[in-house]
Each structure stands twice: as structure tokens, then as C-alpha cells.
Amino acid sequence: MATLQDHIAATSARTRQRPWYHLNGEERLAWLLVLPWIIGFVAFQLGPMLASLGISLTEWRMFTPPTFIGLANYVEMISGDPLVFQAFKVTTIYSITSVPLRIALGVLVALLLNASVRGLAFIRTVYYLPATVSGVAVAMVWLLILNGDFGMLNRALSLLGLEGPYWLTDTRTVLASFVLMSLWSVGAGIIIYLAGLQGVPNELYEAAEVDGADDWVKFWRITIPMISPVLFFQFVIGMIDALQEFAGPFIMTQGGPGNASLFVMLYLFRQGFEFFQMGYASALAWVLFVYIMLLTLFIIRSSAVWVYYEGEVKGS
Amino acid sequence: MVVRSISGSQSRSRTFKMTFIYIALAVGMVIVILPFLWMVSTSLKTPADIFKIPTVWIPNPIVWENYPNAMTILPFGRFILNTAKITGLAVVGATLSGSLAAFAFARLRWRGRNFMFVLVLSTLMLPFQVIMIPQFILFRELEWLDTYLPLVVPAFFGGSAFNIFLLRQYFMTISPELDDAAIIDGCSRFGVYWRIILPLSKAALMTVVIFIVQNRWQSFLVPLIYLFDQKKYTLALGLRLFQDQYTTEWELMMAAATVSMIPVLLVFYYGQRYFIQGVVFTGVKG
């Protein structure tokens, strides 16, 4: 026994003493296998990211050499370009409406599906369908649905005796249109929440019933806390996605009417690839990046209050 | 008697509840499906039928010619081929390089493993727009503009961190005793990856492949930045061009949109098991 422990101690001491550059066969293989990713990371992600910080300090019109202008791009964004504020306003309003609504709708449908309905696999598939398609084709279909004169939505509203607006050409409804469109493809969320709901132990509900809790109490006191880590994760991912919305507005409104749907990504694309203002576009990208980071950080901070992790209680 | 009447009213309230749930789910399903039906219906209409009130759901006459017409106004056959080429290469590159890295993270012991894994995960948070412009400048310096290289090469260098994460999680569920047994039998560590882990991970690999196909087939922003020559256009760019040039020809646009969605819907239909596994795997345990 003693010899075995000695042996282990000696081996681990040897491992610790081995200099970092001295790799055994397994380690060499591991680095070799990860090497493609590392090269890709440095060349296509880390390098460009740092470069963009540098580029954001220049005036660079693509076809002429860059000139260093310090923080002038950032100053211009804050004090000389009202479209920046507009773009961030539009994107933020869209994100903070669309993401919570998507989560609420997803949880609602998942709850219905969790009531041991028959044909679950089929129903789930149908709800997931819109999430499989995206991009240009979907934008085209929704252009037709939201058309003020003969679109499907206004036809449906007229059946109810209502006159629908010109959704995409009215400054008051254009963002609502995009939110509505985003609700259509809520299917992936439904599947995730359903899996979360199925993971909630039945004993909790049984115990609550013994204590006389009704469905409403069970939902708010058991279901929501138990799936809150999933909700949290989906909220973070959803915000990061929503803040980068591009294809929809690019194809459907080009940012109009009157910049009412000028999403940040759209404005960034214009500056970079239509006006070839590489420096200014990079500065915009960094501001959006920091904005996303701050929002994410805020959500993570706030999560201490509303996210419940089972491990925390069990561990203590 | 009293007991029975309570359980009777309970079961009646349960029946009522279930009826309500089925109705709500059915209404939701109709709302979800309607845009697809509307698209297909419009793609088979005459222009006059599109504007008609009340709504024409089943076109009369059914204009099948809209499909060949839409497909030949612009060279959609070529766009589909281009997209298939890019998607295929991206699938090969990303699954190969991704599964190699995932194997190292799941199965090998090496110093720096945890740090590197956190680094991989952190790139999930890196928004594309921060690297979009320097990448463009980089690829321009390499003279890769207007080629498929910017769309395909990054896939061979690890692809998305999401794939590495998903595969690593799956590899971890395979018993390590299999590795040990194989190594005792004289299998190399790379042999473990190739002969044991990969064949046992077909489900996870399928999931990754399906996600990449879905993603690449419809990807818009990256091809928009890098491809200029119409002959090289992807399906998404072709659709965009179509929409730009034939704004009012809804029946042709919807025909093109329908055709572009068919491959994705087919992949989903045949691979829905993997889709749902993958979504659950990364969405809940992430």
C-alpha cells in the first residue's frame, strides 16, 4: 500500500516538475488535434478582433491607405451622427420586446405540450418547422404576409372587421412587424423548455399538492424556479442574436420608413460595404460589441436574484 | 358516494382542461402552418388571384408554369449547385476539424485543456460584426474576394465552437473503458478516435451535419459580403437578386422561395430526431 502511494506521489511530482514545453505523446497528440482550431481562432477571430480595434482609430476608405485619427470615429458617433443613436434605439427596442415575448410564448406552448398530450412528436415537429427555415426566403414570405393591401395578416384582420395598417411602411408598426415575425420561429425554444419541464421531478408537485397548492402557485413556485437556468441561458443567447438582426430588415425595409427599422447591423453594413468607411464601421462594431457585453453582464448579474441552481442548495 | 362525486367532477374538469389544451395547440399549429400554405398557394396563382378578395386558397387555374418560369428567369439551377458545393465543403471541414478538437477535449489528458476549452466556449459570445471588417480586409489581401474560400476555409479550422461543444459533450458519454480495451489491444490513440469514438457517435455527428447544412444553406450576410459575380451566387443571394428585380411578381418569388426551402425541410423531415436531440442537448445542458 505504502509503495503504491509512494509511486503515485512520485509520478505526480514528476508531472509537476516536467517543464511546460516537455510534452508526452498524449499531450503532443492533443495539441496537434486542437491545432487547426487554434490557427483558425488566431487567424479568423482573435487577430481580426484586435485589428478591428486598431482600424476603428483610423480613417480608411478601403481603396486609399488608412490614416490614424485617434478617437475621432467614436466622437463622431456620439456627437455628430444621430443615426447611431437611432440604430441602437431601434435594435434595443426590438430585442427587449422580441426576446422576452419569445420566451413567454415558448414556455406557454411547452406547458401545453407537457400536459401529456397525444401525438406529441407530431405537434412538436409542426411547431419546430418555422425554425428550420430562415434568411431571404422567410423574409420574402413575410413581405407578402405583411403587405398592407393584400397580405395574409390584413386579410385575417378584415375577417374580424378590423382594418390592418401598412405594417412595413408605417413607422409605428414596422418594429412590431419584426417582433411578430420573430415569434413565428419560436420552435427551438419550445423544444428546449419542454425538455426542461420534463426534467422537473414529480415529487415536488406532489409535495406541493399535499400542502394544498393550486396550479398557479405550482407554476410560479416550482416550475419557473426549476427551469430558470434554461430560461436564463435562452435569454442571454436570444439577446446576443436579436442585437445582431440583419437579413430581415435588409431585405424587407432597408431600414425604412424614415430609419424606423435601421438596425445596428444594417447601419454597420452600410458604412462598411456601401460607403467603404472601414474605420467608422469598425468603431461601430466595437460599440455594439461592448453594448452586447454590458447587457449580457447585466443579465448575468441580475440572474443571481431570479435564477435557481439546484446544486447551490444541495451543496450547502 | 361523496368520494365518487368528487372524482367525477375532477375528471370532468380534467376533460375540460385537456379539451382546452388541444384546441389551443391546434390553433397554434394552424398559425404556424399558414405562412407555408400561403407561400405555396401564392406560388401557384395567376397574378389576378393574388389580389383577389375574398382570399383564393386553392388557385384556379393552378399555374404550375410559375415554377419553371421562376427557375429560369435567373440561373437558379446554378445557384443551387453553388450552394450545395459550399455547404458540402463546410460540412466536411467543420465535422472533421471539430470532431478532432472535441476528441482532444473529451478523451486526452493534457495540461492547458481546461483553459483551451473555456477559450473555445468564449468564442460563442464573440459577435460576427466585430470581426467582419478585418476579415474582409484579410481576405482581400489574400486575394480571396469573389471566391468561395472565405466561406469554406474557416470551416476547416475548427468551424463553429458550437459543434466542438456538442461533440465533446457527446464523446464524454461514451465509456472510457472502450478506449482502454482498444489501447491494450494495440490500437493507437488516434485509432481510438477513428475506430471507436467516431463510429459510436453517429447520432451526434448527424446532428452537427444537419445544423451546418441548415445554417449554410440559408446563410446570407457572409456570401453577400464576399461574392460579387452573379455566376458564383448562392441560393440566398439569388433570391435576394430576384426580389430586387421582380418586386411585384409575387407568384414567381413565392415559387423560388418554396424551392429554396424544400431541401432544408427535407433534411429536417428525415433528421428531426437528431435536430431535437441536438437542440435539447445544447439548450438545456449548455
# chains A, B, ... in the order shown; residues from 1 in each chain; ligands from 1
>>> select_by_dssp(residues="range 253-285 of chain A", states="helix (DSSP H, G or I)", output="list in words")
Val264, Met265, Leu266, Tyr267, Leu268, Phe269, Arg270, Gln271, Gly272, Phe273, Glu274, Met278, Gly279, Tyr280, Ala281, Ser282, Ala283, Leu284 and Ala285 of chain A
>>> write_last_selection(atoms="C-alpha atoms", output="PDB file, in the first residue's frame")
ATOM      1  CA  VAL A 264     -27.332  48.449 -35.948  1.00  0.00           C
ATOM      2  CA  MET A 265     -26.100  45.632 -38.183  1.00  0.00           C
ATOM      3  CA  LEU A 266     -27.779  47.249 -41.173  1.00  0.00           C
ATOM      4  CA  TYR A 267     -26.144  50.592 -40.472  1.00  0.00           C
ATOM      5  CA  LEU A 268     -22.813  48.861 -39.918  1.00  0.00           C
ATOM      6  CA  PHE A 269     -23.111  47.038 -43.220  1.00  0.00           C
ATOM      7  CA  ARG A 270     -23.901  50.283 -44.998  1.00  0.00           C
ATOM      8  CA  GLN A 271     -20.938  52.123 -43.518  1.00  0.00           C
ATOM      9  CA  GLY A 272     -18.572  49.245 -44.230  1.00  0.00           C
ATOM     10  CA  PHE A 273     -19.672  47.782 -47.525  1.00  0.00           C
ATOM     11  CA  GLU A 274     -21.639  50.547 -49.231  1.00  0.00           C
ATOM     12  CA  MET A 278     -13.851  50.775 -42.749  1.00  0.00           C
ATOM     13  CA  GLY A 279     -12.658  52.788 -39.754  1.00  0.00           C
ATOM     14  CA  TYR A 280     -16.059  54.137 -38.826  1.00  0.00           C
ATOM     15  CA  ALA A 281     -17.724  50.746 -39.320  1.00  0.00           C
ATOM     16  CA  SER A 282     -15.132  49.099 -37.061  1.00  0.00           C
ATOM     17  CA  ALA A 283     -15.776  51.676 -34.368  1.00  0.00           C
ATOM     18  CA  LEU A 284     -19.498  50.956 -34.661  1.00  0.00           C
ATOM     19  CA  ALA A 285     -18.811  47.237 -34.376  1.00  0.00           C
TER      20      ALA A 285
END
>>> interface_residues(of="chain A", to="chain B", cutoff="7 Å", atoms="only C-alpha atoms", output="PyMOL selection string")
chain A and resi 26-27+30+33-34+36-37+39-40+44-45+48-49+51-52+112+126-127+132-137+141+150+184+188+191-192+195-196+230+247+278+282+285-286+289
>>> write_last_selection(atoms="C-alpha atoms", output="mmCIF file, in the first residue's frame")
data_model
loop_
_atom_site.group_PDB
_atom_site.id
_atom_site.type_symbol
_atom_site.label_atom_id
_atom_site.label_comp_id
_atom_site.auth_asym_id
_atom_site.auth_seq_id
_atom_site.Cartn_x
_atom_site.Cartn_y
_atom_site.Cartn_z
ATOM 1 C CA GLU A 26 -0.691 12.086 -25.422
ATOM 2 C CA GLU A 27 -0.192 15.797 -24.968
ATOM 3 C CA ALA A 30 -3.870 16.630 -28.124
ATOM 4 C CA LEU A 33 -5.675 17.807 -32.843
ATOM 5 C CA VAL A 34 -6.588 21.217 -31.444
ATOM 6 C CA PRO A 36 -6.473 23.594 -36.607
ATOM 7 C CA TRP A 37 -8.890 25.299 -34.250
ATOM 8 C CA ILE A 39 -4.907 28.530 -36.131
ATOM 9 C CA GLY A 40 -8.477 29.355 -37.117
ATOM 10 C CA PHE A 44 -10.022 34.433 -38.281
ATOM 11 C CA GLN A 45 -11.190 35.569 -34.857
ATOM 12 C CA PRO A 48 -9.320 40.299 -36.777
ATOM 13 C CA MET A 49 -10.885 41.322 -33.489
ATOM 14 C CA ALA A 51 -7.182 44.501 -35.788
ATOM 15 C CA SER A 52 -10.657 45.977 -35.801
ATOM 16 C CA LEU A 112 -49.458 22.835 -23.064
ATOM 17 C CA VAL A 126 -45.050 21.197 -36.610
ATOM 18 C CA TYR A 127 -44.081 23.894 -34.111
ATOM 19 C CA THR A 132 -35.707 25.312 -39.756
ATOM 20 C CA VAL A 133 -36.130 27.957 -42.434
ATOM 21 C CA SER A 134 -34.554 31.389 -42.235
ATOM 22 C CA GLY A 135 -32.975 34.202 -44.156
ATOM 23 C CA VAL A 136 -34.039 35.555 -47.519
ATOM 24 C CA ALA A 137 -36.852 33.105 -48.330
ATOM 25 C CA VAL A 141 -42.757 35.235 -47.463
ATOM 26 C CA PHE A 150 -53.429 42.020 -49.955
ATOM 27 C CA TRP A 184 -43.234 32.671 -35.687
ATOM 28 C CA ALA A 188 -36.432 25.655 -30.945
ATOM 29 C CA ILE A 191 -38.317 22.003 -27.543
ATOM 30 C CA ILE A 192 -35.773 23.260 -25.033
ATOM 31 C CA ALA A 195 -37.110 19.162 -22.105
ATOM 32 C CA GLY A 196 -36.612 21.444 -19.099
ATOM 33 C CA VAL A 230 -32.733 27.213 -19.022
ATOM 34 C CA ALA A 247 -31.345 39.714 -43.064
ATOM 35 C CA MET A 278 -13.851 50.775 -42.749
ATOM 36 C CA SER A 282 -15.132 49.099 -37.061
ATOM 37 C CA ALA A 285 -18.811 47.237 -34.376
ATOM 38 C CA TRP A 286 -16.841 47.734 -31.193
ATOM 39 C CA PHE A 289 -19.792 44.547 -29.042
#
>>> atom_distance(atom1="CA of Pro229 in chain A", atom2="CA of Tyr308 in chain A")
6.6 Å
>>> closest_residue(among="B:Thr147, B:Ser13, B:Gln169, B:Thr234", to="Ala204 in chain B", atoms="only C-alpha atoms")
B:Gln169
>>> residues_around(residues="Tyr170 in chain B", least_positions_apart="2", cutoff="9 Å", atoms="only C-alpha atoms", output="PDB file with N, CA and C atoms, in the first residue's frame")
ATOM      1  N   ALA B 106     -12.364  15.742 -24.942  1.00  0.00           N
ATOM      2  CA  ALA B 106     -13.152  14.750 -24.204  1.00  0.00           C
ATOM      3  C   ALA B 106     -12.285  13.597 -23.721  1.00  0.00           C
ATOM      4  N   PHE B 165     -18.360  21.923 -28.998  1.00  0.00           N
ATOM      5  CA  PHE B 165     -19.018  21.740 -27.704  1.00  0.00           C
ATOM      6  C   PHE B 165     -19.973  20.549 -27.736  1.00  0.00           C
ATOM      7  N   LEU B 166     -20.820  20.519 -28.764  1.00  0.00           N
ATOM      8  CA  LEU B 166     -21.816  19.446 -28.853  1.00  0.00           C
ATOM      9  C   LEU B 166     -21.137  18.076 -28.949  1.00  0.00           C
ATOM     10  N   LEU B 167     -20.113  17.976 -29.793  1.00  0.00           N
ATOM     11  CA  LEU B 167     -19.429  16.691 -29.980  1.00  0.00           C
ATOM     12  C   LEU B 167     -18.686  16.283 -28.709  1.00  0.00           C
ATOM     13  N   ARG B 168     -18.037  17.243 -28.074  1.00  0.00           N
ATOM     14  CA  ARG B 168     -17.306  16.921 -26.846  1.00  0.00           C
ATOM     15  C   ARG B 168     -18.265  16.374 -25.783  1.00  0.00           C
ATOM     16  N   MET B 172     -18.093  12.489 -24.251  1.00  0.00           N
ATOM     17  CA  MET B 172     -17.933  12.232 -22.812  1.00  0.00           C
ATOM     18  C   MET B 172     -18.872  11.133 -22.322  1.00  0.00           C
ATOM     19  N   THR B 173     -19.977  10.917 -23.050  1.00  0.00           N
ATOM     20  CA  THR B 173     -20.930   9.917 -22.577  1.00  0.00           C
ATOM     21  C   THR B 173     -20.513   8.501 -22.980  1.00  0.00           C
ATOM     22  N   ILE B 174     -19.501   8.372 -23.845  1.00  0.00           N
ATOM     23  CA  ILE B 174     -19.035   7.041 -24.253  1.00  0.00           C
ATOM     24  C   ILE B 174     -18.053   6.526 -23.200  1.00  0.00           C
ATOM     25  N   SER B 201     -20.465   7.662 -32.436  1.00  0.00           N
ATOM     26  CA  SER B 201     -21.063   8.998 -32.294  1.00  0.00           C
ATOM     27  C   SER B 201     -21.858   9.411 -33.513  1.00  0.00           C
ATOM     28  N   ALA B 204     -24.567  12.062 -32.874  1.00  0.00           N
ATOM     29  CA  ALA B 204     -24.094  13.426 -32.631  1.00  0.00           C
ATOM     30  C   ALA B 204     -23.542  14.038 -33.920  1.00  0.00           C
ATOM     31  N   PHE B 281     -29.859  18.979 -26.238  1.00  0.00           N
ATOM     32  CA  PHE B 281     -28.523  18.750 -25.690  1.00  0.00           C
ATOM     33  C   PHE B 281     -27.803  20.054 -25.393  1.00  0.00           C
TER      34      PHE B 281
END
>>> residues_around(residues="Ile292 in chain A", least_positions_apart="5", cutoff="9 Å", atoms="only C-alpha atoms", output="VMD selection string")
(chain A and resid 239 to 240 243 287 297) or (chain B and resid 127)
>>> atom_distance(atom1="CA of Ala70 in chain B", atom2="CA of Ser43 in chain B")
9.6 Å
>>> atom_distance(atom1="CA of Val174 in chain A", atom2="CA of Val109 in chain A")
26.0 Å
>>> residues_around(residues="Phe68 in chain A", least_positions_apart="4", cutoff="10 Å", atoms="only C-alpha atoms", output="PyMOL selection string")
chain A and resi 54-60+72+279
>>> write_last_selection(atoms="N, CA and C atoms", output="PDB file, in the first residue's frame")
ATOM      1  N   GLY A  54      -7.814  48.457 -33.818  1.00  0.00           N
ATOM      2  CA  GLY A  54      -6.867  49.378 -34.442  1.00  0.00           C
ATOM      3  C   GLY A  54      -7.500  50.150 -35.592  1.00  0.00           C
ATOM      4  N   ILE A  55      -8.230  49.419 -36.427  1.00  0.00           N
ATOM      5  CA  ILE A  55      -8.857  50.052 -37.596  1.00  0.00           C
ATOM      6  C   ILE A  55      -9.846  51.130 -37.161  1.00  0.00           C
ATOM      7  N   SER A  56     -10.487  50.891 -35.995  1.00  0.00           N
ATOM      8  CA  SER A  56     -11.505  51.850 -35.543  1.00  0.00           C
ATOM      9  C   SER A  56     -10.884  53.194 -35.194  1.00  0.00           C
ATOM     10  N   LEU A  57      -9.542  53.234 -35.086  1.00  0.00           N
ATOM     11  CA  LEU A  57      -8.870  54.503 -34.783  1.00  0.00           C
ATOM     12  C   LEU A  57      -8.354  55.185 -36.055  1.00  0.00           C
ATOM     13  N   THR A  58      -8.800  54.685 -37.204  1.00  0.00           N
ATOM     14  CA  THR A  58      -8.303  55.267 -38.448  1.00  0.00           C
ATOM     15  C   THR A  58      -9.458  55.755 -39.308  1.00  0.00           C
ATOM     16  N   GLU A  59      -9.081  56.579 -40.276  1.00  0.00           N
ATOM     17  CA  GLU A  59     -10.000  56.899 -41.369  1.00  0.00           C
ATOM     18  C   GLU A  59      -9.514  56.054 -42.539  1.00  0.00           C
ATOM     19  N   TRP A  60     -10.367  55.121 -42.982  1.00  0.00           N
ATOM     20  CA  TRP A  60      -9.901  54.188 -44.002  1.00  0.00           C
ATOM     21  C   TRP A  60     -11.013  53.975 -45.013  1.00  0.00           C
ATOM     22  N   ALA A  72     -11.456  59.926 -33.111  1.00  0.00           N
ATOM     23  CA  ALA A  72     -12.394  60.780 -33.858  1.00  0.00           C
ATOM     24  C   ALA A  72     -13.652  60.032 -34.292  1.00  0.00           C
ATOM     25  N   GLY A 279     -12.969  52.347 -41.110  1.00  0.00           N
ATOM     26  CA  GLY A 279     -12.658  52.788 -39.754  1.00  0.00           C
ATOM     27  C   GLY A 279     -13.920  53.028 -38.943  1.00  0.00           C
TER      28      GLY A 279
END
>>> decode(residues="range 59-144 of chain A", atoms="C-alpha atoms", output="PDB file, in the first residue's frame")
ATOM      1  CA  GLU A  59     -10.000  56.899 -41.369  1.00  0.00           C
ATOM      2  CA  TRP A  60      -9.901  54.188 -44.002  1.00  0.00           C
ATOM      3  CA  ARG A  61     -11.823  54.407 -47.229  1.00  0.00           C
ATOM      4  CA  MET A  62     -10.854  50.947 -48.383  1.00  0.00           C
ATOM      5  CA  PHE A  63      -9.037  51.949 -51.568  1.00  0.00           C
ATOM      6  CA  THR A  64      -6.753  54.579 -50.032  1.00  0.00           C
ATOM      7  CA  PRO A  65      -4.262  53.877 -47.221  1.00  0.00           C
ATOM      8  CA  PRO A  66      -5.567  54.342 -43.672  1.00  0.00           C
ATOM      9  CA  THR A  67      -4.720  57.460 -41.666  1.00  0.00           C
ATOM     10  CA  PHE A  68      -4.645  57.492 -37.872  1.00  0.00           C
ATOM     11  CA  ILE A  69      -7.276  59.801 -36.411  1.00  0.00           C
ATOM     12  CA  GLY A  70      -7.374  58.687 -32.772  1.00  0.00           C
ATOM     13  CA  LEU A  71     -10.813  58.568 -31.212  1.00  0.00           C
ATOM     14  CA  ALA A  72     -12.394  60.780 -33.858  1.00  0.00           C
ATOM     15  CA  ASN A  73     -14.689  57.992 -35.096  1.00  0.00           C
ATOM     16  CA  TYR A  74     -16.034  57.449 -31.592  1.00  0.00           C
ATOM     17  CA  VAL A  75     -16.501  61.189 -31.045  1.00  0.00           C
ATOM     18  CA  GLU A  76     -18.320  61.426 -34.381  1.00  0.00           C
ATOM     19  CA  MET A  77     -20.613  58.571 -33.387  1.00  0.00           C
ATOM     20  CA  ILE A  78     -21.644  60.253 -30.165  1.00  0.00           C
ATOM     21  CA  SER A  79     -21.819  63.875 -31.215  1.00  0.00           C
ATOM     22  CA  GLY A  80     -22.114  64.079 -34.985  1.00  0.00           C
ATOM     23  CA  ASP A  81     -24.197  61.148 -36.168  1.00  0.00           C
ATOM     24  CA  PRO A  82     -27.805  60.928 -34.953  1.00  0.00           C
ATOM     25  CA  LEU A  83     -28.268  57.692 -36.923  1.00  0.00           C
ATOM     26  CA  VAL A  84     -26.070  55.829 -34.431  1.00  0.00           C
ATOM     27  CA  PHE A  85     -28.427  56.653 -31.594  1.00  0.00           C
ATOM     28  CA  GLN A  86     -31.392  55.792 -33.803  1.00  0.00           C
ATOM     29  CA  ALA A  87     -29.862  52.421 -34.739  1.00  0.00           C
ATOM     30  CA  PHE A  88     -29.155  51.485 -31.128  1.00  0.00           C
ATOM     31  CA  LYS A  89     -32.626  52.618 -30.100  1.00  0.00           C
ATOM     32  CA  VAL A  90     -34.309  50.533 -32.789  1.00  0.00           C
ATOM     33  CA  THR A  91     -32.205  47.453 -32.062  1.00  0.00           C
ATOM     34  CA  THR A  92     -32.713  47.709 -28.310  1.00  0.00           C
ATOM     35  CA  ILE A  93     -36.472  48.160 -28.529  1.00  0.00           C
ATOM     36  CA  TYR A  94     -36.685  45.193 -30.868  1.00  0.00           C
ATOM     37  CA  SER A  95     -34.505  42.979 -28.659  1.00  0.00           C
ATOM     38  CA  ILE A  96     -36.124  43.725 -25.327  1.00  0.00           C
ATOM     39  CA  THR A  97     -39.584  43.166 -26.813  1.00  0.00           C
ATOM     40  CA  SER A  98     -38.898  40.189 -29.004  1.00  0.00           C
ATOM     41  CA  VAL A  99     -36.731  38.075 -26.661  1.00  0.00           C
ATOM     42  CA  PRO A 100     -39.000  38.046 -23.568  1.00  0.00           C
ATOM     43  CA  LEU A 101     -42.080  37.543 -25.757  1.00  0.00           C
ATOM     44  CA  ARG A 102     -40.402  34.617 -27.489  1.00  0.00           C
ATOM     45  CA  ILE A 103     -39.544  33.068 -24.131  1.00  0.00           C
ATOM     46  CA  ALA A 104     -43.056  33.596 -22.751  1.00  0.00           C
ATOM     47  CA  LEU A 105     -44.692  32.130 -25.849  1.00  0.00           C
ATOM     48  CA  GLY A 106     -42.235  29.224 -25.912  1.00  0.00           C
ATOM     49  CA  VAL A 107     -42.862  28.365 -22.261  1.00  0.00           C
ATOM     50  CA  LEU A 108     -46.614  28.643 -22.787  1.00  0.00           C
ATOM     51  CA  VAL A 109     -46.653  26.176 -25.679  1.00  0.00           C
ATOM     52  CA  ALA A 110     -44.213  23.888 -23.850  1.00  0.00           C
ATOM     53  CA  LEU A 111     -46.556  23.850 -20.837  1.00  0.00           C
ATOM     54  CA  LEU A 112     -49.458  22.835 -23.064  1.00  0.00           C
ATOM     55  CA  LEU A 113     -47.344  20.098 -24.649  1.00  0.00           C
ATOM     56  CA  ASN A 114     -46.208  18.887 -21.232  1.00  0.00           C
ATOM     57  CA  ALA A 115     -49.781  18.067 -20.204  1.00  0.00           C
ATOM     58  CA  SER A 116     -49.230  14.526 -21.578  1.00  0.00           C
ATOM     59  CA  VAL A 117     -50.963  15.269 -24.870  1.00  0.00           C
ATOM     60  CA  ARG A 118     -51.295  12.594 -27.507  1.00  0.00           C
ATOM     61  CA  GLY A 119     -49.353  12.973 -30.763  1.00  0.00           C
ATOM     62  CA  LEU A 120     -46.631  14.928 -29.005  1.00  0.00           C
ATOM     63  CA  ALA A 121     -43.929  14.076 -31.571  1.00  0.00           C
ATOM     64  CA  PHE A 122     -46.092  15.288 -34.443  1.00  0.00           C
ATOM     65  CA  ILE A 123     -47.201  18.517 -32.758  1.00  0.00           C
ATOM     66  CA  ARG A 124     -43.645  19.283 -31.693  1.00  0.00           C
ATOM     67  CA  THR A 125     -42.438  18.793 -35.263  1.00  0.00           C
ATOM     68  CA  VAL A 126     -45.050  21.197 -36.610  1.00  0.00           C
ATOM     69  CA  TYR A 127     -44.081  23.894 -34.111  1.00  0.00           C
ATOM     70  CA  TYR A 128     -40.418  23.444 -34.917  1.00  0.00           C
ATOM     71  CA  LEU A 129     -40.933  23.745 -38.676  1.00  0.00           C
ATOM     72  CA  PRO A 130     -40.559  27.562 -38.968  1.00  0.00           C
ATOM     73  CA  ALA A 131     -37.288  27.432 -37.015  1.00  0.00           C
ATOM     74  CA  THR A 132     -35.707  25.312 -39.756  1.00  0.00           C
ATOM     75  CA  VAL A 133     -36.130  27.957 -42.434  1.00  0.00           C
ATOM     76  CA  SER A 134     -34.554  31.389 -42.235  1.00  0.00           C
ATOM     77  CA  GLY A 135     -32.975  34.202 -44.156  1.00  0.00           C
ATOM     78  CA  VAL A 136     -34.039  35.555 -47.519  1.00  0.00           C
ATOM     79  CA  ALA A 137     -36.852  33.105 -48.330  1.00  0.00           C
ATOM     80  CA  VAL A 138     -38.556  33.721 -44.992  1.00  0.00           C
ATOM     81  CA  ALA A 139     -38.195  37.486 -45.398  1.00  0.00           C
ATOM     82  CA  MET A 140     -39.842  37.237 -48.823  1.00  0.00           C
ATOM     83  CA  VAL A 141     -42.757  35.235 -47.463  1.00  0.00           C
ATOM     84  CA  TRP A 142     -43.291  37.733 -44.671  1.00  0.00           C
ATOM     85  CA  LEU A 143     -43.161  40.628 -47.127  1.00  0.00           C
ATOM     86  CA  LEU A 144     -46.205  39.063 -48.691  1.00  0.00           C
TER      87      LEU A 144
END
